[in-house]
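All remarks here apply to the structure that follows.
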Amino acid sequence: MGDVLQAEDGWDAVLAHRPPFDPALTAVAARLGRCTSPAVVAAALADHGDGLLRQLAGLAVDRDWVTDCGGRLGAVLVLAEVDAAASALRSHVATARAGLLADLVQDHSLVDLADLLGVTRQALHKTLKNRGL
């Protein structure tokens with residue numbers, strides 16, 4: 001199969017949520033490629049896995065996601081990618097939020113800022129501390 005991350009295979013674009021130099025990237029693409037296509041993974045990522053989850057819950061869906069994923073093993077791998085993408089997004093959002101909070105505490109007390117945000121002072125302090133701020 002060669003290098004599974006070459007542009008013509010499509011895995012590089014589909015797995016863009018993963019760090020580009022992650023040593024596991026090639027292995028992830030290879031495992032997915034044994035079960036399904038980049039187009040199926042891209043579609044699952046686009047709908048946040050909702051179609052596949054709905055099918056697994058026995059609800060009506062517009063396509064046979066499990067078959068398109070290459071069976072139950074492929075469905076597990078595709079859902080793992082949905083989870084990896086969500087995790088990457090969560091990490092980016094948390095980093096951006098912590099940076100903004102660090103800026104805001106320069107102009108507001110923790111108590112005032114926590115009140116404005118609807119969180120406890122302790123939760124705000126923990127967020128800032130966990131991000132090294």
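By convention here, the chains of the structure tokens are called A, B, ... in the order presented, each chain's residues are numbered starting at 1, and ligands are numbered starting at 1 in the order presented.
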
- Task: Please identify all polymer residues within 8 Å of segment 34-41 of chain A, counting only C-alpha atoms, omitting same-chain residues fewer than 6 positions from it, and present them as a ChimeraX atom specification.
- Result: /A:9-11,14,68-71,73-74,78,81

File dump, residues just selected, N, CA and C atoms, as a compact mmCIF listing (two decimals), in the first residue's frame:
```txt
# COMPACT_ATOMS: atom_id res chain seq x y z
N ASP A 9 -4.00 9.65 -1.15
CA ASP A 9 -4.80 8.72 -0.36
C ASP A 9 -5.85 9.44 0.47
N GLY A 10 -5.62 10.73 0.79
CA GLY A 10 -6.59 11.51 1.53
C GLY A 10 -6.49 11.44 3.04
N TRP A 11 -5.67 10.55 3.56
CA TRP A 11 -5.61 10.40 5.02
C TRP A 11 -5.00 11.63 5.70
N VAL A 14 -7.84 14.05 6.25
CA VAL A 14 -8.85 13.51 7.17
C VAL A 14 -8.33 13.48 8.60
N ASP A 68 -20.25 0.83 5.86
CA ASP A 68 -19.33 1.78 5.25
C ASP A 68 -18.01 1.87 6.02
N CYS A 69 -18.07 1.67 7.32
CA CYS A 69 -16.87 1.70 8.15
C CYS A 69 -16.07 0.40 8.04
N GLY A 70 -16.63 -0.59 7.39
CA GLY A 70 -15.94 -1.87 7.24
C GLY A 70 -16.31 -2.87 8.31
N GLY A 71 -17.45 -2.70 8.92
CA GLY A 71 -17.90 -3.61 9.97
C GLY A 71 -17.72 -3.00 11.35
N LEU A 73 -15.44 -3.57 13.68
CA LEU A 73 -14.08 -3.14 13.99
C LEU A 73 -13.81 -1.77 13.38
N GLY A 74 -14.18 -1.59 12.14
CA GLY A 74 -14.02 -0.29 11.50
C GLY A 74 -14.82 0.79 12.19
N VAL A 78 -13.39 4.24 13.59
CA VAL A 78 -13.92 5.53 13.16
C VAL A 78 -14.38 6.34 14.37
N GLU A 81 -11.55 7.94 16.03
CA GLU A 81 -11.10 9.17 15.36
C GLU A 81 -12.02 10.34 15.68
```

- Item | Contact residues around Leu89 of chain A with only C-alpha atoms at 10 Å, ignoring same-chain residues under 6 positions, as a PyMOL selection string | chain A and resi 17+83+95

- Item | Counting only C-alpha atoms, the residue of A:Ser91, A:Phe21, A:Leu32, A:Ala86 that sits nearest Gly49 of chain A |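 With only C-alpha atoms as the atom set, the closest residue is A:Ala86.
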
- Task: Write down as a ChimeraX atom specification the residues belonging to chain A that are assigned alpha helix (DSSP H) by DSSP computed on the backbone.
- Result: /A:11-14,25-35,38-46,50-56,65-68,72-104,110-117,121-130

Would you mind exporting the chosen residues as an mmCIF file, in the first residue's frame, restricted to C-alpha atoms?
```
data_model
loop_
_atom_site.group_PDB
_atom_site.id
_atom_site.type_symbol
_atom_site.label_atom_id
_atom_site.label_comp_id
_atom_site.auth_asym_id
_atom_site.auth_seq_id
_atom_site.Cartn_x
_atom_site.Cartn_y
_atom_site.Cartn_z
ATOM 1 C CA TRP A 11 -5.605 10.403 5.018
ATOM 2 C CA ASP A 12 -3.452 13.478 5.673
ATOM 3 C CA ALA A 13 -6.448 15.789 5.291
ATOM 4 C CA VAL A 14 -8.852 13.513 7.166
ATOM 5 C CA LEU A 25 -0.268 8.838 12.604
ATOM 6 C CA THR A 26 0.875 6.357 9.970
ATOM 7 C CA ALA A 27 -0.334 3.413 12.057
ATOM 8 C CA VAL A 28 -3.734 5.037 12.601
ATOM 9 C CA ALA A 29 -4.134 5.671 8.880
ATOM 10 C CA ALA A 30 -3.072 2.113 8.099
ATOM 11 C CA ARG A 31 -5.596 0.620 10.542
ATOM 12 C CA LEU A 32 -8.397 2.785 9.221
ATOM 13 C CA GLY A 33 -7.370 2.050 5.632
ATOM 14 C CA ARG A 34 -7.771 -1.688 6.193
ATOM 15 C CA CYS A 35 -11.436 -1.138 7.067
ATOM 16 C CA PRO A 38 -10.891 8.546 3.971
ATOM 17 C CA ALA A 39 -14.257 9.708 2.603
ATOM 18 C CA VAL A 40 -16.190 7.646 5.170
ATOM 19 C CA VAL A 41 -14.006 8.870 8.035
ATOM 20 C CA ALA A 42 -14.359 12.458 6.789
ATOM 21 C CA ALA A 43 -18.153 12.073 6.703
ATOM 22 C CA ALA A 44 -18.208 10.651 10.225
ATOM 23 C CA LEU A 45 -16.003 13.498 11.446
ATOM 24 C CA ALA A 46 -18.215 16.052 9.680
ATOM 25 C CA ASP A 50 -23.871 11.185 14.937
ATOM 26 C CA GLY A 51 -24.993 8.979 12.033
ATOM 27 C CA LEU A 52 -22.937 6.033 13.239
ATOM 28 C CA LEU A 53 -24.061 6.545 16.835
ATOM 29 C CA ARG A 54 -27.694 6.754 15.740
ATOM 30 C CA GLN A 55 -27.371 3.517 13.773
ATOM 31 C CA LEU A 56 -25.741 1.780 16.727
ATOM 32 C CA TRP A 65 -22.551 3.451 8.576
ATOM 33 C CA VAL A 66 -21.318 0.186 10.075
ATOM 34 C CA THR A 67 -20.946 -1.385 6.631
ATOM 35 C CA ASP A 68 -19.329 1.775 5.248
ATOM 36 C CA ARG A 72 -17.882 -3.334 13.739
ATOM 37 C CA LEU A 73 -14.081 -3.141 13.994
ATOM 38 C CA GLY A 74 -14.018 -0.289 11.499
ATOM 39 C CA ALA A 75 -16.861 1.432 13.345
ATOM 40 C CA VAL A 76 -14.817 1.305 16.549
ATOM 41 C CA LEU A 77 -11.817 2.792 14.734
ATOM 42 C CA VAL A 78 -13.918 5.534 13.159
ATOM 43 C CA LEU A 79 -15.486 6.425 16.510
ATOM 44 C CA ALA A 80 -11.975 6.543 17.989
ATOM 45 C CA GLU A 81 -11.103 9.167 15.361
ATOM 46 C CA VAL A 82 -14.233 11.156 16.192
ATOM 47 C CA ASP A 83 -13.098 11.042 19.820
ATOM 48 C CA ALA A 84 -9.524 12.056 18.873
ATOM 49 C CA ALA A 85 -10.852 15.007 16.867
ATOM 50 C CA ALA A 86 -13.108 16.087 19.735
ATOM 51 C CA SER A 87 -10.195 15.797 22.147
ATOM 52 C CA ALA A 88 -7.986 17.940 19.905
ATOM 53 C CA LEU A 89 -10.722 20.563 19.674
ATOM 54 C CA ARG A 90 -11.227 20.508 23.453
ATOM 55 C CA SER A 91 -7.502 21.028 23.960
ATOM 56 C CA HIS A 92 -7.362 23.975 21.536
ATOM 57 C CA VAL A 93 -10.407 25.586 23.122
ATOM 58 C CA ALA A 94 -9.056 25.111 26.653
ATOM 59 C CA THR A 95 -5.716 26.666 25.693
ATOM 60 C CA ALA A 96 -7.380 29.668 24.065
ATOM 61 C CA ARG A 97 -9.776 30.076 26.992
ATOM 62 C CA ALA A 98 -6.971 29.932 29.554
ATOM 63 C CA GLY A 99 -5.004 32.533 27.622
ATOM 64 C CA LEU A 100 -7.985 34.859 27.552
ATOM 65 C CA LEU A 101 -8.596 34.284 31.254
ATOM 66 C CA ALA A 102 -4.960 35.110 32.002
ATOM 67 C CA ASP A 103 -5.437 38.410 30.170
ATOM 68 C CA LEU A 104 -8.694 39.121 31.983
ATOM 69 C CA LEU A 110 -10.613 36.488 40.508
ATOM 70 C CA VAL A 111 -13.802 37.026 42.517
ATOM 71 C CA ASP A 112 -15.234 39.562 40.052
ATOM 72 C CA LEU A 113 -14.206 37.545 37.020
ATOM 73 C CA ALA A 114 -15.624 34.330 38.450
ATOM 74 C CA ASP A 115 -18.905 36.117 39.124
ATOM 75 C CA LEU A 116 -19.007 37.509 35.576
ATOM 76 C CA LEU A 117 -18.344 34.053 34.134
ATOM 77 C CA ARG A 121 -13.251 31.532 42.172
ATOM 78 C CA GLN A 122 -11.706 28.130 42.943
ATOM 79 C CA ALA A 123 -12.650 26.764 39.512
ATOM 80 C CA LEU A 124 -11.172 29.829 37.824
ATOM 81 C CA HIS A 125 -7.990 29.583 39.885
ATOM 82 C CA LYS A 126 -7.702 25.866 39.048
ATOM 83 C CA THR A 127 -8.088 26.575 35.321
ATOM 84 C CA LEU A 128 -5.353 29.190 35.428
ATOM 85 C CA LYS A 129 -3.067 27.058 37.592
ATOM 86 C CA ASN A 130 -3.510 23.936 35.431
#
```
